[in-house]
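Peer 1: So here's data07.cif, just mmCIF, C-alpha atoms:
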data_final
#
loop_
_atom_site.label_atom_id
_atom_site.label_comp_id
_atom_site.auth_asym_id
_atom_site.auth_seq_id
_atom_site.Cartn_x
_atom_site.Cartn_y
_atom_site.Cartn_z
CA MET O 87 -14.29 45.20 7.04
CA ALA O 88 -11.96 42.39 5.92
CA ARG O 89 -11.29 42.20 2.20
CA ILE O 90 -11.19 38.87 0.39
CA ASN O 91 -8.77 37.76 -2.31
CA GLU O 92 -10.98 38.63 -5.28
CA HIS O 93 -8.88 36.56 -7.65
CA PHE O 94 -10.72 33.50 -6.30
CA LEU O 95 -13.90 34.92 -7.81
CA LYS O 96 -12.37 34.62 -11.28
CA LEU O 97 -12.32 30.82 -11.07
CA SER O 98 -14.71 29.80 -13.79
CA ALA O 99 -16.08 26.63 -12.20
CA GLY O 100 -15.68 24.22 -9.31
CA TYR O 101 -12.50 22.17 -9.14
CA LEU O 102 -12.83 19.26 -11.57
CA PHE O 103 -12.73 16.29 -9.22
CA PRO O 104 -15.25 17.56 -6.65
CA GLU O 105 -17.58 18.27 -9.59
CA ILE O 106 -17.20 14.66 -10.76
CA ALA O 107 -17.89 13.46 -7.21
CA ARG O 108 -21.02 15.63 -7.05
CA ARG O 109 -22.37 14.15 -10.28
CA VAL O 110 -21.60 10.58 -9.21
CA GLN O 111 -23.27 11.14 -5.83
CA GLY O 112 -26.33 12.55 -7.58
CA PHE O 113 -26.54 9.51 -9.86
CA ALA O 114 -26.14 7.12 -6.92
CA ALA O 115 -28.88 8.89 -4.96
CA ALA O 116 -31.24 8.77 -7.93
CA HIS O 117 -30.45 5.10 -8.73
CA PRO O 118 -29.76 3.35 -5.41
CA ALA O 119 -29.98 -0.11 -6.99
CA LEU O 120 -27.14 0.76 -9.37
CA ALA O 121 -24.93 2.55 -6.84
CA PRO O 122 -23.05 -0.62 -5.75
CA ARG O 123 -22.05 -1.22 -9.39
CA ILE O 124 -20.19 2.07 -9.75
CA ILE O 125 -16.51 1.65 -10.61
CA ARG O 126 -14.43 4.78 -10.19
CA CYS O 127 -11.74 5.17 -12.83
CA GLY O 128 -11.79 8.96 -12.65
CA ILE O 129 -9.61 10.43 -9.93
CA GLY O 130 -6.09 8.99 -9.84
CA ASP O 131 -6.29 7.50 -6.34
CA VAL O 132 -4.46 4.27 -5.56
CA THR O 133 -6.21 1.15 -4.28
CA GLU O 134 -3.46 -1.27 -3.22
CA PRO O 135 -2.13 -1.48 0.37
CA LEU O 136 1.08 0.25 1.40
CA PRO O 137 4.34 -1.68 0.89
CA HIS O 138 5.36 -3.98 3.76
CA ALA O 139 8.59 -2.02 4.15
CA THR O 140 6.55 1.12 4.73
CA ILE O 141 4.21 -0.51 7.24
CA LYS O 142 7.18 -1.75 9.25
CA ALA O 143 8.79 1.70 9.17
CA LEU O 144 5.55 3.35 10.31
CA HIS O 145 5.15 0.96 13.25
CA ALA O 146 8.75 1.49 14.32
CA ALA O 147 8.42 5.27 14.06
CA VAL O 148 5.23 5.29 16.13
CA ASP O 149 7.02 3.18 18.74
CA ASP O 150 9.76 5.85 18.77
CA LEU O 151 7.16 8.40 19.81
CA ALA O 152 6.11 6.20 22.72
CA THR O 153 9.51 6.38 24.46
CA HIS O 154 11.53 9.14 26.09
CA GLU O 155 14.74 7.83 24.54
CA ARG O 156 13.60 7.89 20.90
CA PHE O 157 10.89 10.56 21.02
CA LYS O 158 10.90 13.06 18.14
CA GLY O 159 9.38 16.52 18.26
CA TYR O 160 9.91 19.26 15.71
CA GLY O 161 12.29 18.25 12.94
CA PRO O 162 13.93 20.37 10.24
CA ALA O 163 11.25 22.14 8.19
CA THR O 164 12.86 20.86 5.00
CA GLY O 165 13.13 17.23 6.14
CA HIS O 166 15.40 15.05 8.25
CA GLU O 167 18.87 14.68 6.79
CA PHE O 168 18.76 10.88 6.49
CA VAL O 169 15.59 11.09 4.39
CA ARG O 170 16.94 13.82 2.11
CA ALA O 171 20.15 11.83 1.66
CA ALA O 172 18.24 8.66 0.74
CA ILE O 173 16.21 10.57 -1.86
CA ALA O 174 19.16 12.45 -3.38
CA GLN O 175 21.18 9.26 -3.66
CA GLY O 176 18.38 6.89 -4.67
CA ASP O 177 16.55 9.06 -7.20
CA PHE O 178 19.36 11.18 -8.60
CA ARG O 179 23.03 10.51 -7.83
CA SER O 180 22.67 6.77 -8.42
CA ARG O 181 21.34 7.69 -11.88
CA GLY O 182 24.13 10.11 -12.72
CA MET O 183 22.45 13.39 -11.72
CA ASP O 184 24.24 15.90 -9.51
CA ILE O 185 21.68 16.67 -6.78
CA ALA O 186 22.85 17.46 -3.24
CA ASP O 187 21.03 16.32 -0.10
CA ASP O 188 20.13 19.89 0.87
CA GLU O 189 18.54 20.50 -2.55
CA ILE O 190 15.72 18.12 -1.51
CA PHE O 191 12.72 19.65 0.33
CA LEU O 192 10.13 17.30 1.85
CA SER O 193 6.44 18.21 1.89
CA ASP O 194 2.98 16.66 2.02
CA GLY O 195 2.86 16.21 -1.76
CA SER O 196 3.66 17.62 -5.18
CA LYS O 197 0.23 19.23 -5.60
CA PRO O 198 0.78 21.76 -2.76
CA ASP O 199 4.40 22.23 -3.86
CA ALA O 200 3.32 23.23 -7.37
CA SER O 201 1.12 25.85 -5.73
CA ALA O 202 3.64 26.99 -3.12
CA ALA O 203 6.28 27.63 -5.79
CA LEU O 204 4.28 30.70 -6.79
CA GLU O 205 4.98 32.20 -3.36
CA ILE O 206 8.64 32.76 -4.25
CA LEU O 207 7.90 34.10 -7.74
CA GLY O 208 6.88 37.69 -8.26
CA SER O 209 3.84 39.18 -9.93
CA GLY O 210 3.95 40.10 -13.58
CA ASN O 211 5.54 36.88 -14.81
CA ARG O 212 4.32 35.51 -18.13
CA ILE O 213 3.14 31.96 -17.31
CA ALA O 214 2.87 29.09 -19.81
CA VAL O 215 0.79 25.98 -19.14
CA PRO O 216 0.12 22.91 -21.26
CA ASP O 217 -3.39 22.30 -22.58
CA PRO O 218 -4.72 19.72 -21.67
CA VAL O 219 -3.44 20.59 -18.21
CA TYR O 220 -3.54 19.38 -14.62
CA PRO O 221 -6.03 21.95 -13.25
CA VAL O 222 -3.87 22.89 -10.26
CA TYR O 223 -1.37 24.72 -12.48
CA VAL O 224 -4.05 27.02 -13.87
CA ASP O 225 -6.24 27.50 -10.82
CA THR O 226 -3.40 28.40 -8.45
CA ASN O 227 -2.17 31.04 -10.89
CA VAL O 228 -5.69 32.46 -11.03
CA MET O 229 -5.77 32.55 -7.21
CA ALA O 230 -2.36 34.26 -7.14
CA GLY O 231 -3.50 37.02 -9.49
CA ASN O 232 -1.32 35.93 -12.40
CA THR O 233 -4.20 35.88 -14.90
CA GLY O 234 -6.99 38.04 -16.18
CA PRO O 235 -10.64 36.94 -16.26
CA ALA O 236 -11.96 33.65 -17.61
CA LEU O 237 -12.51 33.53 -21.37
CA GLU O 238 -14.91 31.58 -23.55
CA GLY O 239 -13.93 27.91 -23.63
CA GLY O 240 -12.44 27.84 -20.13
CA ARG O 241 -9.11 29.55 -20.71
CA TYR O 242 -7.87 32.63 -18.83
CA GLN O 243 -6.63 35.90 -20.14
CA GLY O 244 -2.93 36.38 -19.62
CA LEU O 245 -1.80 32.75 -19.62
CA ALA O 246 0.20 31.32 -22.53
CA TYR O 247 -1.32 27.98 -23.49
CA LEU O 248 0.75 25.19 -25.06
CA PRO O 249 -1.62 23.04 -27.14
CA GLY O 250 -1.31 19.28 -26.92
CA THR O 251 -2.97 17.49 -29.82
CA PRO O 252 -2.89 14.11 -31.56
CA GLY O 253 -0.61 15.78 -34.10
CA ASN O 254 2.18 16.41 -31.58
CA GLY O 255 1.44 13.34 -29.46
CA PHE O 256 0.27 15.67 -26.65
CA VAL O 257 3.82 16.92 -26.11
CA ALA O 258 3.85 20.65 -26.80
CA ASP O 259 6.85 22.41 -28.27
CA PRO O 260 8.29 25.49 -26.54
CA PRO O 261 6.35 28.62 -27.54
CA THR O 262 7.66 31.03 -30.14
CA GLU O 263 7.24 33.89 -27.64
CA ALA O 264 9.27 34.36 -24.46
CA VAL O 265 7.66 33.28 -21.19
CA ASP O 266 9.05 33.61 -17.68
CA VAL O 267 7.66 30.40 -16.12
CA ALA O 268 6.52 27.20 -17.84
CA TYR O 269 4.85 24.15 -16.31
CA LEU O 270 5.78 20.74 -17.71
CA CYS O 271 4.44 17.35 -16.58
CA PHE O 272 5.92 14.06 -17.80
CA PRO O 273 4.74 11.34 -17.78
CA ASN O 274 1.80 13.59 -18.42
CA ASN O 275 -1.34 13.96 -16.40
CA PRO O 276 -3.91 13.65 -17.99
CA THR O 277 -2.74 12.28 -21.35
CA GLY O 278 -0.10 9.75 -20.30
CA ALA O 279 2.28 11.19 -22.91
CA VAL O 280 6.03 11.08 -22.30
CA ALA O 281 8.65 13.49 -23.62
CA THR O 282 11.73 12.29 -25.45
CA ARG O 283 15.21 13.39 -24.48
CA ALA O 284 15.35 15.61 -27.57
CA GLN O 285 12.06 17.30 -26.63
CA LEU O 286 13.27 18.06 -23.10
CA GLU O 287 16.59 19.29 -24.46
CA ALA O 288 14.64 21.76 -26.58
CA TRP O 289 12.83 23.00 -23.46
CA VAL O 290 16.04 23.41 -21.47
CA ALA O 291 17.65 25.29 -24.35
CA TYR O 292 14.58 27.53 -24.59
CA ALA O 293 14.73 28.23 -20.85
CA HIS O 294 18.41 29.23 -21.05
CA ARG O 295 17.70 31.46 -24.02
CA HIS O 296 14.83 33.35 -22.38
CA GLY O 297 15.64 33.13 -18.68
CA THR O 298 12.61 30.90 -18.16
CA ILE O 299 12.06 28.82 -15.02
CA LEU O 300 10.67 25.35 -15.74
CA LEU O 301 8.37 23.86 -13.09
CA PHE O 302 8.70 20.16 -13.90
CA ASP O 303 6.13 17.78 -12.40
CA ALA O 304 7.55 14.24 -12.34
CA ALA O 305 4.93 12.69 -10.04
CA TYR O 306 4.59 9.65 -12.34
CA GLU O 307 8.26 9.04 -13.17
CA ALA O 308 8.24 5.60 -11.47
CA TYR O 309 6.00 4.32 -14.29
CA VAL O 310 8.60 4.86 -17.00
CA ARG O 311 9.89 1.53 -18.26
CA ASP O 312 11.49 2.65 -21.53
CA PRO O 313 15.17 3.38 -20.73
CA ALA O 314 15.26 5.98 -23.51
CA VAL O 315 12.59 8.11 -21.80
CA PRO O 316 13.94 10.59 -19.20
CA ARG O 317 12.49 10.25 -15.71
CA SER O 318 13.83 13.61 -14.49
CA ILE O 319 14.48 16.99 -16.08
CA TYR O 320 17.94 16.84 -14.49
CA GLU O 321 18.94 14.10 -16.93
CA ILE O 322 19.22 16.98 -19.41
CA PRO O 323 22.49 18.96 -19.26
CA GLY O 324 21.90 22.53 -18.10
CA ALA O 325 18.61 21.78 -16.35
CA ARG O 326 20.01 22.56 -12.90
CA GLU O 327 20.18 26.22 -13.90
CA VAL O 328 16.58 26.48 -15.12
CA ALA O 329 14.30 23.95 -13.41
CA MET O 330 12.57 22.97 -10.17
CA GLU O 331 11.23 19.43 -10.04
CA PHE O 332 8.24 18.14 -8.08
CA ARG O 333 8.05 14.50 -6.96
CA SER O 334 5.42 12.51 -5.09
CA PHE O 335 5.29 9.24 -3.15
CA SER O 336 1.54 9.01 -3.81
CA LYS O 337 1.68 6.99 -7.00
CA ASN O 338 4.85 4.94 -6.49
CA GLY O 339 4.52 4.06 -2.80
CA GLY O 340 0.75 4.40 -2.52
CA PHE O 341 0.96 7.44 -0.20
CA THR O 342 -2.24 9.20 -1.33
CA GLY O 343 -3.63 8.77 2.18
CA LEU O 344 -0.29 9.06 3.97
CA ARG O 345 0.83 12.26 2.19
CA CYS O 346 4.47 12.88 1.32
CA GLY O 347 6.39 14.29 -1.61
CA TYR O 348 9.34 16.54 -2.26
CA THR O 349 10.71 19.30 -4.43
CA VAL O 350 14.19 19.56 -5.90
CA CYS O 351 15.46 23.14 -5.93
CA PRO O 352 19.09 23.35 -7.13
CA LYS O 353 21.32 26.05 -5.70
CA SER O 354 22.22 27.07 -9.26
CA LEU O 355 18.62 27.99 -10.15
CA MET O 356 18.27 31.78 -10.31
CA GLY O 357 15.50 34.33 -10.53
CA THR O 358 15.77 38.08 -10.98
CA THR O 359 14.60 41.10 -9.04
CA SER O 360 12.86 44.09 -10.56
CA THR O 361 16.27 45.77 -10.79
CA GLY O 362 17.81 42.82 -12.62
CA ASP O 363 19.78 41.31 -9.73
CA ARG O 364 20.06 37.52 -9.82
CA VAL O 365 18.93 35.68 -6.69
CA PRO O 366 19.17 31.92 -5.93
CA LEU O 367 15.69 30.42 -5.60
CA HIS O 368 17.13 27.85 -3.20
CA ARG O 369 17.58 30.60 -0.61
CA LEU O 370 13.99 31.79 -1.03
CA TRP O 371 12.54 28.27 -1.03
CA SER O 372 14.47 27.42 2.15
CA ARG O 373 13.16 30.56 3.84
CA ARG O 374 9.63 29.82 2.69
CA TRP O 375 9.72 26.38 4.32
CA ALA O 376 11.33 27.65 7.52
CA THR O 377 8.59 30.27 7.84
CA CYS O 378 5.51 28.40 6.69
CA SER O 379 6.05 24.80 7.77
CA ASN O 380 7.15 22.64 10.67
CA GLY O 381 7.89 19.80 8.30
CA VAL O 382 6.52 16.34 7.59
CA SER O 383 5.76 14.13 10.60
CA TRP O 384 8.37 11.70 11.90
CA PRO O 385 6.42 8.50 11.03
CA VAL O 386 5.72 9.71 7.48
CA GLN O 387 9.37 10.65 6.89
CA CYS O 388 10.44 7.21 8.10
CA ALA O 389 7.86 5.70 5.74
CA ALA O 390 9.31 7.69 2.82
CA ALA O 391 12.85 6.57 3.66
CA SER O 392 11.69 2.93 3.67
CA LEU O 393 10.97 3.14 -0.06
CA TYR O 394 14.71 3.48 -0.70
CA THR O 395 15.65 0.22 1.03
CA ASP O 396 16.16 -2.86 -1.13
CA GLU O 397 12.83 -4.22 0.07
CA GLY O 398 11.10 -0.90 -0.55
CA GLN O 399 12.48 -0.63 -4.09
CA ARG O 400 11.23 -4.12 -4.94
CA GLU O 401 7.78 -3.28 -3.61
CA VAL O 402 7.60 0.04 -5.47
CA LYS O 403 8.44 -1.83 -8.68
CA ALA O 404 5.73 -4.40 -7.93
CA LEU O 405 3.11 -1.72 -7.22
CA THR O 406 3.84 0.27 -10.35
CA ASP O 407 4.00 -2.92 -12.44
CA PHE O 408 0.53 -3.81 -11.12
CA TYR O 409 -1.00 -0.50 -12.20
CA LEU O 410 0.83 -0.58 -15.54
CA ALA O 411 -0.70 -4.00 -16.21
CA ASN O 412 -4.11 -2.46 -15.47
CA ALA O 413 -3.32 0.33 -17.94
CA ALA O 414 -2.36 -2.19 -20.62
CA LEU O 415 -5.71 -3.97 -20.19
CA LEU O 416 -7.62 -0.70 -20.50
CA ARG O 417 -5.62 0.39 -23.53
CA SER O 418 -6.26 -2.95 -25.24
CA ALA O 419 -9.99 -2.76 -24.50
CA VAL O 420 -10.27 0.77 -25.89
CA GLN O 421 -8.35 -0.11 -29.04
CA GLY O 422 -10.57 -3.18 -29.46
CA LEU O 423 -13.52 -0.80 -29.73
CA GLY O 424 -11.81 1.04 -32.58
CA LEU O 425 -11.12 4.18 -30.53
CA ARG O 426 -7.84 6.05 -30.67
CA CYS O 427 -5.95 6.35 -27.41
CA TRP O 428 -2.67 7.54 -25.95
CA GLY O 429 -0.78 6.75 -22.76
CA GLY O 430 -1.13 3.44 -20.94
CA THR O 431 2.57 2.68 -21.45
CA ASN O 432 5.13 4.40 -19.21
CA ALA O 433 2.11 6.02 -17.51
CA PRO O 434 -0.93 4.91 -15.48
CA TYR O 435 -3.48 6.87 -17.53
CA VAL O 436 -5.17 6.08 -20.84
CA TRP O 437 -6.31 9.11 -22.83
CA VAL O 438 -9.17 8.21 -25.16
CA GLU O 439 -10.71 10.01 -28.11
CA CYS O 440 -14.47 10.18 -27.68
CA PRO O 441 -16.65 8.25 -30.11
CA GLU O 442 -17.72 10.41 -33.03
CA GLY O 443 -20.44 12.87 -32.09
CA LEU O 444 -19.82 12.80 -28.33
CA LEU O 445 -18.37 15.63 -26.24
CA SER O 446 -16.35 14.65 -23.21
CA TRP O 447 -19.04 15.32 -20.58
CA GLN O 448 -21.49 13.42 -22.77
CA ALA O 449 -19.09 10.46 -22.76
CA PHE O 450 -18.90 10.82 -18.96
CA ASP O 451 -22.71 10.72 -18.68
CA LEU O 452 -23.01 7.77 -21.06
CA LEU O 453 -20.50 5.65 -19.16
CA LEU O 454 -21.98 6.55 -15.78
CA GLU O 455 -25.59 5.99 -16.76
CA LYS O 456 -25.23 2.95 -19.03
CA ALA O 457 -22.16 1.23 -17.56
CA GLN O 458 -21.71 2.72 -14.06
CA VAL O 459 -18.08 3.52 -14.89
CA VAL O 460 -16.63 6.87 -13.83
CA ILE O 461 -14.02 8.46 -16.11
CA THR O 462 -12.64 12.00 -16.26
CA PRO O 463 -13.95 14.22 -19.08
CA GLY O 464 -11.19 15.88 -21.05
CA ALA O 465 -12.93 19.26 -21.03
CA GLY O 466 -12.06 19.49 -17.35
CA PHE O 467 -8.39 19.66 -18.32
CA GLY O 468 -8.73 22.57 -20.73
CA SER O 469 -10.08 23.45 -24.14
CA CYS O 470 -7.71 21.04 -25.93
CA GLY O 471 -9.10 18.24 -23.76
CA GLU O 472 -12.54 18.50 -25.30
CA GLY O 473 -13.29 15.41 -27.35
CA PHE O 474 -11.23 13.12 -25.09
CA PHE O 475 -11.50 11.45 -21.69
CA ARG O 476 -9.07 9.96 -19.20
CA ILE O 477 -9.30 6.48 -17.67
CA SER O 478 -7.25 5.84 -14.54
CA ALA O 479 -5.53 2.47 -14.07
CA PHE O 480 -5.54 2.92 -10.29
CA ASN O 481 -7.99 0.19 -9.32
CA SER O 482 -8.22 -3.48 -8.42
CA ARG O 483 -7.58 -6.02 -11.16
CA ALA O 484 -11.14 -7.33 -10.86
CA ASN O 485 -12.57 -3.83 -11.35
CA ILE O 486 -10.32 -3.21 -14.34
CA HIS O 487 -11.47 -6.45 -16.02
CA GLU O 488 -15.09 -5.46 -15.36
CA THR O 489 -14.46 -1.94 -16.68
CA CYS O 490 -12.95 -3.32 -19.87
CA GLU O 491 -16.17 -5.26 -20.49
CA ARG O 492 -18.45 -2.34 -19.65
CA LEU O 493 -16.61 0.04 -22.00
CA ALA O 494 -18.42 -1.78 -24.81
CA VAL O 495 -21.29 0.70 -24.40
CA LEU O 496 -19.07 3.17 -26.26
CA ALA O 497 -19.37 1.03 -29.37
CA GLY O 498 -23.17 1.40 -29.42
#
Could you spell out this file's structure in structure tokens?

Peer 2:
Amino acid sequence: MARINEHFLKLSAGYLFPEIARRVQGFAAAHPALAPRIIRCGIGDVTEPLPHATIKALHAAVDDLATHERFKGYGPATGHEFVRAAIAQGDFRSRGMDIADDEIFLSDGSKPDASAALEILGSGNRIAVPDPVYPVYVDTNVMAGNTGPALEGGRYQGLAYLPGTPGNGFVADPPTEAVDVAYLCFPNNPTGAVATRAQLEAWVAYAHRHGTILLFDAAYEAYVRDPAVPRSIYEIPGAREVAMEFRSFSKNGGFTGLRCGYTVCPKSLMGTTSTGDRVPLHRLWSRRWATCSNGVSWPVQCAAASLYTDEGQREVKALTDFYLANAALLRSAVQGLGLRCWGGTNAPYVWVECPEGLLSWQAFDLLLEKAQVVITPGAGFGSCGEGFFRISAFNSRANIHETCERLAVLAG
């Protein structure tokens, strides 16, 4: 009889966002007259149409597939060279970072990449995750067998948790103990916090000291407007030797429905075998993609490349400016209610402290039932998220204005 992967049975609850959807659907079914009023500011899904440059590139690429002369079948598993070159030049070399074209690996998004990275890392690694945390980092390690059972409060035995609190601005310091792998996410999901250059320098120094691999999620880097805030871990000297970086076109180009992202894996990044031999992760990551993937589709790769044209860059800036303006409105509304909040600048999320006496799921229920606004309860992001909730700025301007008015129920 076939055996299952029993590590899945350790997962303490359903994945956060399907659970939110289940509760919202239940409310809508029970209150059909109120269902049309529901405004979803929970999941970080975009609402604005794709850039014109991307639409044109998609049409042209589909036309390619309609001709014998320009037809494209299988491409390189790691991405077509012209796309990798556009990314390496546009996102890194033009900003002073030494990233080669063949250190870029295209995929269908940074979420699956953050999971797939575990496939080239061995068992027995000590894993550190921030708390609050994007749930994928924790759950995929549970599935891979890198943790023990679930503990009281939602944590897992065997993981090293890095507490984010109002006291440290939700930017955790490196741990005092040695870990083998550490996840970092800046601008942060869910808190919207950004790390300073000095804070990232401390992490890179820690990684060199302990032989740690940093898995750096930069999915929201396009929202950074402060020139003093790093947009990539590779802005820090020495990071090429200790870090992989995940990027996404979902939140800058609006590709949540189109699906494309990429990972940077430098050739100088090393791991070790059980006998202490040093092995380049680039070689393993390349083999992983050659074995497990036939690459991103031709139209989607052309769409990604379009974002690096002059027109595409202008439209990415306009899209991210639009959502940042939404975030500023939400932040102002929350502060007007006398509630403490973080994020909303250099990031599309506003992280709000619950009104006194409310837990995060209680705040979720209050806003859904009294205001028909969906937010994300902080408890879903880990034990340090309890007492807070996240509001997403990914919505229409009209819905954001309406949400700002409806948030007044929190003052009651």

Peer 1: Looking at all atoms listed in the file, which of O:Ile125, O:Ile477, O:Cys271, O:Ala119 is the one that sits closest to Gly250 in chain O?

Peer 2: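 Under the stated criterion, the closest residue is O:Cys271.
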
Peer 1: On this file, the PyMOL selection byres ((chain O and resi 164-179) around 8) gives some set of residues; write that set as a compact mmCIF listing (two decimals) with C-alpha atoms, keeping the file's coordinate frame.

Peer 2:
# COMPACT_ATOMS: atom_id res chain seq x y z
CA GLY O 161 12.29 18.25 12.94
CA PRO O 162 13.93 20.37 10.24
CA ALA O 163 11.25 22.14 8.19
CA SER O 180 22.67 6.77 -8.42
CA ARG O 181 21.34 7.69 -11.88
CA GLY O 182 24.13 10.11 -12.72
CA MET O 183 22.45 13.39 -11.72
CA ASP O 184 24.24 15.90 -9.51
CA ILE O 185 21.68 16.67 -6.78
CA ALA O 186 22.85 17.46 -3.24
CA ASP O 187 21.03 16.32 -0.10
CA ASP O 188 20.13 19.89 0.87
CA ILE O 190 15.72 18.12 -1.51
CA PHE O 191 12.72 19.65 0.33
CA LEU O 192 10.13 17.30 1.85
CA SER O 193 6.44 18.21 1.89
CA SER O 372 14.47 27.42 2.15
CA TRP O 375 9.72 26.38 4.32
CA ALA O 376 11.33 27.65 7.52
CA GLY O 381 7.89 19.80 8.30
CA VAL O 382 6.52 16.34 7.59
CA GLN O 387 9.37 10.65 6.89
CA CYS O 388 10.44 7.21 8.10
CA ALA O 390 9.31 7.69 2.82
CA ALA O 391 12.85 6.57 3.66
CA TYR O 394 14.71 3.48 -0.70

Peer 1: Looking at O:Tyr242, O:Phe113, O:Tyr309, O:Phe103, which one is nearest to Leu454 in chain O, with distances taken over only C-alpha atoms?

Peer 2: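 With only C-alpha atoms as the atom set, the closest residue is O:Phe113.
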
Peer 1: Of the residues O:Glu189, O:Gln421, O:Ala414, O:Ile322, which is the one nearest to Leu355 in chain O, using only C-alpha atoms?

Peer 2: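 That would be O:Glu189, the residue with the smallest distance to Leu355 in chain O.
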
Peer 1: Within 10 Å of Ile124 in chain O, counting all atoms listed in the file, which residues show up once you throw out same-chain ones fewer than 4 positions away? Write them as a list in words, please.

Peer 2: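 Counting only the stated atoms, we get Val110, Phe113, Ala114, Leu120, Leu454, Glu455, Ala457, Gln458, Val459, Val460, Asn485 and Thr489 of chain O.
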
Peer 1: What are the nearest atom pairs, with distances in Å to one decimal, for all residues of range 387-475 of chain O that come at most 7 Å from range 324-341 of chain O, using all atoms listed in the file, set out by chain and rising residue number as JSON lines?

Peer 2:
{"residue": "O:Val402", "atom": "CA", "partner": "O:Asn338", "partner_atom": "CA", "distance": 5.7}
{"residue": "O:Leu405", "atom": "CA", "partner": "O:Asn338", "partner_atom": "CA", "distance": 6.9}
{"residue": "O:Thr406", "atom": "CA", "partner": "O:Asn338", "partner_atom": "CA", "distance": 6.1}

Peer 1: Would you mind telling me which residue in O:Leu144, O:Val215, O:Leu445, O:Met229 lies nearest to Arg241 in chain O when using all atoms listed in the file?

Peer 2: O:Val215

Peer 1: CA of Pro323 in chain O and CA of Pro352 in chain O are how many Å apart?

Peer 2: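 Separation of CA of Pro323 in chain O and CA of Pro352 in chain O: 13.3 Å.
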
Peer 1: Using all atoms listed in the file, which residue out of O:Ser98, O:Thr359, O:Gln243, O:Ser478 lies closest to Asp225 in chain O?

Peer 2: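 Closest candidate: O:Ser98.
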
Peer 1: Using all atoms listed in the file, can you tell me which of O:Arg476, O:Lys96, O:Arg295, O:Arg345 comes closest to Gly240 in chain O?

Peer 2: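 Of the candidates, the smallest distance to Gly240 in chain O is held by O:Lys96.
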
Peer 1: Extract, using all atoms listed in the file, all DNA, RNA and protein residues at most 10 Å from range 207-214 of chain O, discarding same-chain residues fewer than 6 positions from it, and format them as a tab-separated table (two decimals) with C-alpha atoms, keeping the file's coordinate frame.

Peer 2:
chain	number	residue	atom	x	y	z
O	223	TYR	CA	-1.37	24.72	-12.48
O	224	VAL	CA	-4.05	27.02	-13.87
O	227	ASN	CA	-2.17	31.04	-10.89
O	230	ALA	CA	-2.36	34.26	-7.14
O	231	GLY	CA	-3.50	37.02	-9.49
O	232	ASN	CA	-1.32	35.93	-12.40
O	233	THR	CA	-4.20	35.88	-14.90
O	244	GLY	CA	-2.93	36.38	-19.62
O	245	LEU	CA	-1.80	32.75	-19.62
O	246	ALA	CA	0.20	31.32	-22.53
O	247	TYR	CA	-1.32	27.98	-23.49
O	248	LEU	CA	0.75	25.19	-25.06
O	260	PRO	CA	8.29	25.49	-26.54
O	261	PRO	CA	6.35	28.62	-27.54
O	264	ALA	CA	9.27	34.36	-24.46
O	265	VAL	CA	7.66	33.28	-21.19
O	266	ASP	CA	9.05	33.61	-17.68
O	267	VAL	CA	7.66	30.40	-16.12
O	268	ALA	CA	6.52	27.20	-17.84
O	269	TYR	CA	4.85	24.15	-16.31
O	270	LEU	CA	5.78	20.74	-17.71
O	298	THR	CA	12.61	30.90	-18.16
O	299	ILE	CA	12.06	28.82	-15.02
O	300	LEU	CA	10.67	25.35	-15.74
O	357	GLY	CA	15.50	34.33	-10.53
O	358	THR	CA	15.77	38.08	-10.98
O	359	THR	CA	14.60	41.10	-9.04
O	360	SER	CA	12.86	44.09	-10.56
O	367	LEU	CA	15.69	30.42	-5.60
O	370	LEU	CA	13.99	31.79	-1.03

Peer 1: As an exercise, work out the distance from CA of Glu238 in chain O to CA of Pro221 in chain O in Å and give it to one decimal place.

Peer 2: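 For CA of Glu238 in chain O relative to CA of Pro221 in chain O, the distance reads 16.7 Å.
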
Peer 1: Compile the contact shell of Phe450 in chain O as a count of residues only: residues with an atom at most 12 Å away, counting all atoms listed in the file, same-chain residues fewer than 3 positions apart removed.

Peer 2: 37

Peer 1: Which residues fall under the PyMOL selection byres ((chain O and resi 413) around 8) in this file, as a list in words?

Peer 2: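 That selection, the PyMOL selection byres ((chain O and resi 413) around 8), comes back as Tyr409, Leu410, Ala411, Asn412, Ala414, Leu415, Leu416, Arg417, Gly430, Thr431, Ala433, Pro434, Tyr435, Val436, Ser478 and Ala479 of chain O.
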
Peer 1: For Asp217 in chain O, list every protein, DNA or RNA residue within 9 Å, evaluated using all atoms listed in the file, and leave out those in the same chain fewer than 4 positions away; present the list as a VMD selection string.

Peer 2: chain O and resid 247 to 251 256 258 467 to 471

Peer 1: Please measure the separation of CA of Asn254 in chain O and CA of Leu423 in chain O, giving the value in Å to one decimal.

Peer 2: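 Atom-to-atom, CA of Asn254 in chain O to CA of Leu423 in chain O, that is 23.4 Å.
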
Peer 1: Applying 10 Å and all atoms listed in the file, which residues near Arg374 in chain O remain after dropping the ones on its own chain fewer than 6 positions away? List them as a PDB file with C-alpha atoms, in the coordinates of the input.

Peer 2:
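Listing of part08.pdb after writing:
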ATOM      1  CA  ALA O 163      11.250  22.140   8.190  1.00  0.00           C
ATOM      2  CA  THR O 164      12.860  20.860   5.000  1.00  0.00           C
ATOM      3  CA  ALA O 202       3.640  26.990  -3.120  1.00  0.00           C
ATOM      4  CA  ALA O 203       6.280  27.630  -5.790  1.00  0.00           C
ATOM      5  CA  GLU O 205       4.980  32.200  -3.360  1.00  0.00           C
ATOM      6  CA  ILE O 206       8.640  32.760  -4.250  1.00  0.00           C
ATOM      7  CA  HIS O 368      17.130  27.850  -3.200  1.00  0.00           C
TER       8      HIS O 368
END
